[in-house]
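Shown next, in structure tokens, is the structure this report addresses.
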Amino acid sequence: MEVLFSLLVGVFFAAAVYLMLSKFLVRILLGVAILGNAVNLLLFTSGRILREVPPVIPAGLDRQVAVTANPLPQALILTAIVISFSFFAFLLVLSYRAFQDLGTDNANDMRVAEPVADSAPPTGY
């Protein structure tokens with residue numbers, strides 16, 4: 001099962017990089033969302049996928065009596081989900097405002113600070 005999830009993480013990372021290299025903001029946003037999911041799945045896979053008892057110490061004992069699930073990757077995934085969702089919401093609002101102001105979601109057409117009729121820089125000295 002871990003090999004399957006490892007391959008799925010690779011597919012998610014490849015799809016995320018492909019989408020983030022696009023010139024359209026919607027594709028870039030989808031790439032960021034998929035990248036966040038790939039990182040979450042990577043953390044989940046690194047924490048060993050086992051069906052074990054929860055990591056709760058029974059009353060009166062100082063340690064676990066059986067093999068338990070690792071709680072650290074679960075806590076890291078919960079934190080990563082919150083951070084990636086807030087980052088995605090920020091990028092969504094930022095791209096929507098850019099679309100409202102500039103009228104396009106093409107990153108090449110958003111170059112308002114660069115002059116249009118400027119000559120090219122010298123190619124040699």
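Residues in the structure tokens are numbered from 1 in each chain, the chains being A, B, ... in the order shown, and ligands are numbered from 1 in the order shown.
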Distance query Leu41 in chain A at most 7 Å, only C-alpha atoms, self and fewer than 4 positions along chain excluded, as a PDB file with N, CA, C and O atoms, in the first residue's frame:
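Final output, part.pdb:
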```pdb
ATOM      1  N   VAL A   9       2.011  10.023  -4.899  1.00  0.00           N
ATOM      2  CA  VAL A   9       2.683  11.280  -4.521  1.00  0.00           C
ATOM      3  C   VAL A   9       3.503  11.798  -5.696  1.00  0.00           C
ATOM      4  O   VAL A   9       3.487  12.996  -5.998  1.00  0.00           O
ATOM      5  N   ASN A  37      -1.809  18.990  -1.559  1.00  0.00           N
ATOM      6  CA  ASN A  37      -2.300  17.626  -1.339  1.00  0.00           C
ATOM      7  C   ASN A  37      -1.182  16.602  -1.468  1.00  0.00           C
ATOM      8  O   ASN A  37      -1.167  15.595  -0.741  1.00  0.00           O
ATOM      9  N   THR A  45       2.171   9.118   4.105  1.00  0.00           N
ATOM     10  CA  THR A  45       2.868   7.899   3.712  1.00  0.00           C
ATOM     11  C   THR A  45       4.118   7.676   4.547  1.00  0.00           C
ATOM     12  O   THR A  45       4.466   6.548   4.860  1.00  0.00           O
TER      13      THR A  45
END
```
Open item on the list: Please report the interatomic distance between CA of Asn106 in chain A and CA of Phe24 in chain A in Å with one decimal.
Closed with: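 These two atoms are separated by 4.7 Å.
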- [ ] List the neighbours of Phe12 in chain A out to 10 Å using only C-alpha atoms; skip same-chain residues closer than 2 positions along the sequence, and give me the result as a VMD selection string.
- [x] chain A and resid 6 to 10 14 to 18 31 34 to 39 41 to 42
Limited to N, CA and C atoms, could you put the picked residues into a file as a CSV table (one decimal), in the first residue's frame?
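File again-v5.csv, as written:
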```
chain,number,residue,atom,x,y,z
A,6,SER,N,3.2,6.1,-2.6
A,6,SER,CA,4.4,6.8,-3.1
A,6,SER,C,4.4,7.1,-4.6
A,7,LEU,N,3.8,6.2,-5.4
A,7,LEU,CA,3.6,6.5,-6.8
A,7,LEU,C,2.6,7.6,-7.0
A,8,LEU,N,1.6,7.6,-6.2
A,8,LEU,CA,0.6,8.6,-6.3
A,8,LEU,C,1.1,10.0,-5.9
A,9,VAL,N,2.0,10.0,-4.9
A,9,VAL,CA,2.7,11.3,-4.5
A,9,VAL,C,3.5,11.8,-5.7
A,10,GLY,N,4.2,10.9,-6.4
A,10,GLY,CA,5.0,11.3,-7.6
A,10,GLY,C,4.1,11.9,-8.7
A,14,ALA,N,4.2,15.7,-10.0
A,14,ALA,CA,4.4,16.0,-11.5
A,14,ALA,C,3.3,16.8,-12.0
A,15,ALA,N,2.1,16.5,-11.7
A,15,ALA,CA,0.9,17.3,-12.1
A,15,ALA,C,1.0,18.7,-11.6
A,16,ALA,N,1.4,18.9,-10.3
A,16,ALA,CA,1.5,20.2,-9.7
A,16,ALA,C,2.5,21.1,-10.4
A,17,VAL,N,3.7,20.5,-10.7
A,17,VAL,CA,4.7,21.2,-11.4
A,17,VAL,C,4.3,21.6,-12.8
A,18,TYR,N,3.7,20.7,-13.5
A,18,TYR,CA,3.2,21.0,-14.8
A,18,TYR,C,2.2,22.1,-14.8
A,31,GLY,N,-2.4,24.0,-9.5
A,31,GLY,CA,-1.1,23.4,-9.2
A,31,GLY,C,-0.7,23.6,-7.8
A,34,ILE,N,-2.9,21.2,-5.7
A,34,ILE,CA,-2.4,19.8,-5.9
A,34,ILE,C,-1.1,19.6,-5.2
A,35,LEU,N,-0.2,20.6,-5.2
A,35,LEU,CA,1.0,20.5,-4.5
A,35,LEU,C,0.8,20.3,-3.0
A,36,GLY,N,-0.1,21.1,-2.4
A,36,GLY,CA,-0.5,20.9,-1.0
A,36,GLY,C,-1.0,19.5,-0.7
A,37,ASN,N,-1.8,19.0,-1.6
A,37,ASN,CA,-2.3,17.6,-1.3
A,37,ASN,C,-1.2,16.6,-1.5
A,38,ALA,N,-0.2,16.8,-2.4
A,38,ALA,CA,0.9,15.9,-2.5
A,38,ALA,C,1.8,15.9,-1.3
A,39,VAL,N,2.0,17.1,-0.7
A,39,VAL,CA,2.8,17.1,0.5
A,39,VAL,C,2.1,16.4,1.7
A,41,LEU,N,-0.1,14.0,1.4
A,41,LEU,CA,0.0,12.5,1.2
A,41,LEU,C,1.4,12.0,1.5
A,42,LEU,N,2.4,12.8,1.2
A,42,LEU,CA,3.8,12.4,1.5
A,42,LEU,C,4.0,12.3,3.0
```
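The two atoms in question, CA of Leu76 in chain A and CA of Val93 in chain A, are spaced 25.9 Å apart.
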Task: Per-residue DSSP, chain A, filtered to helix (DSSP H, G or I), as a PyMOL selection string - done: chain A and resi 2-20+25-46+71-102+107-110
TODO: Apply DSSP to the structure's backbone, then extract all residues of chain A labelled strand (DSSP E or B) and return them as a list of chain:residue names.
DONE: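 Output for chain A, strand (DSSP E or B) only: A:Phe24, A:Val53, A:Thr68, A:Asn106.
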Could you dump the residues just selected with C-alpha atoms as an mmCIF file, in the first residue's frame?
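again.cif, written as the output of this step:
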```cif
data_model
loop_
_atom_site.group_PDB
_atom_site.id
_atom_site.type_symbol
_atom_site.label_atom_id
_atom_site.label_comp_id
_atom_site.auth_asym_id
_atom_site.auth_seq_id
_atom_site.Cartn_x
_atom_site.Cartn_y
_atom_site.Cartn_z
ATOM 1 C CA PHE A 24 -2.678 31.141 -16.696
ATOM 2 C CA VAL A 53 -4.728 0.991 17.895
ATOM 3 C CA THR A 68 0.218 1.960 18.027
ATOM 4 C CA ASN A 106 -2.697 35.405 -18.580
#
```
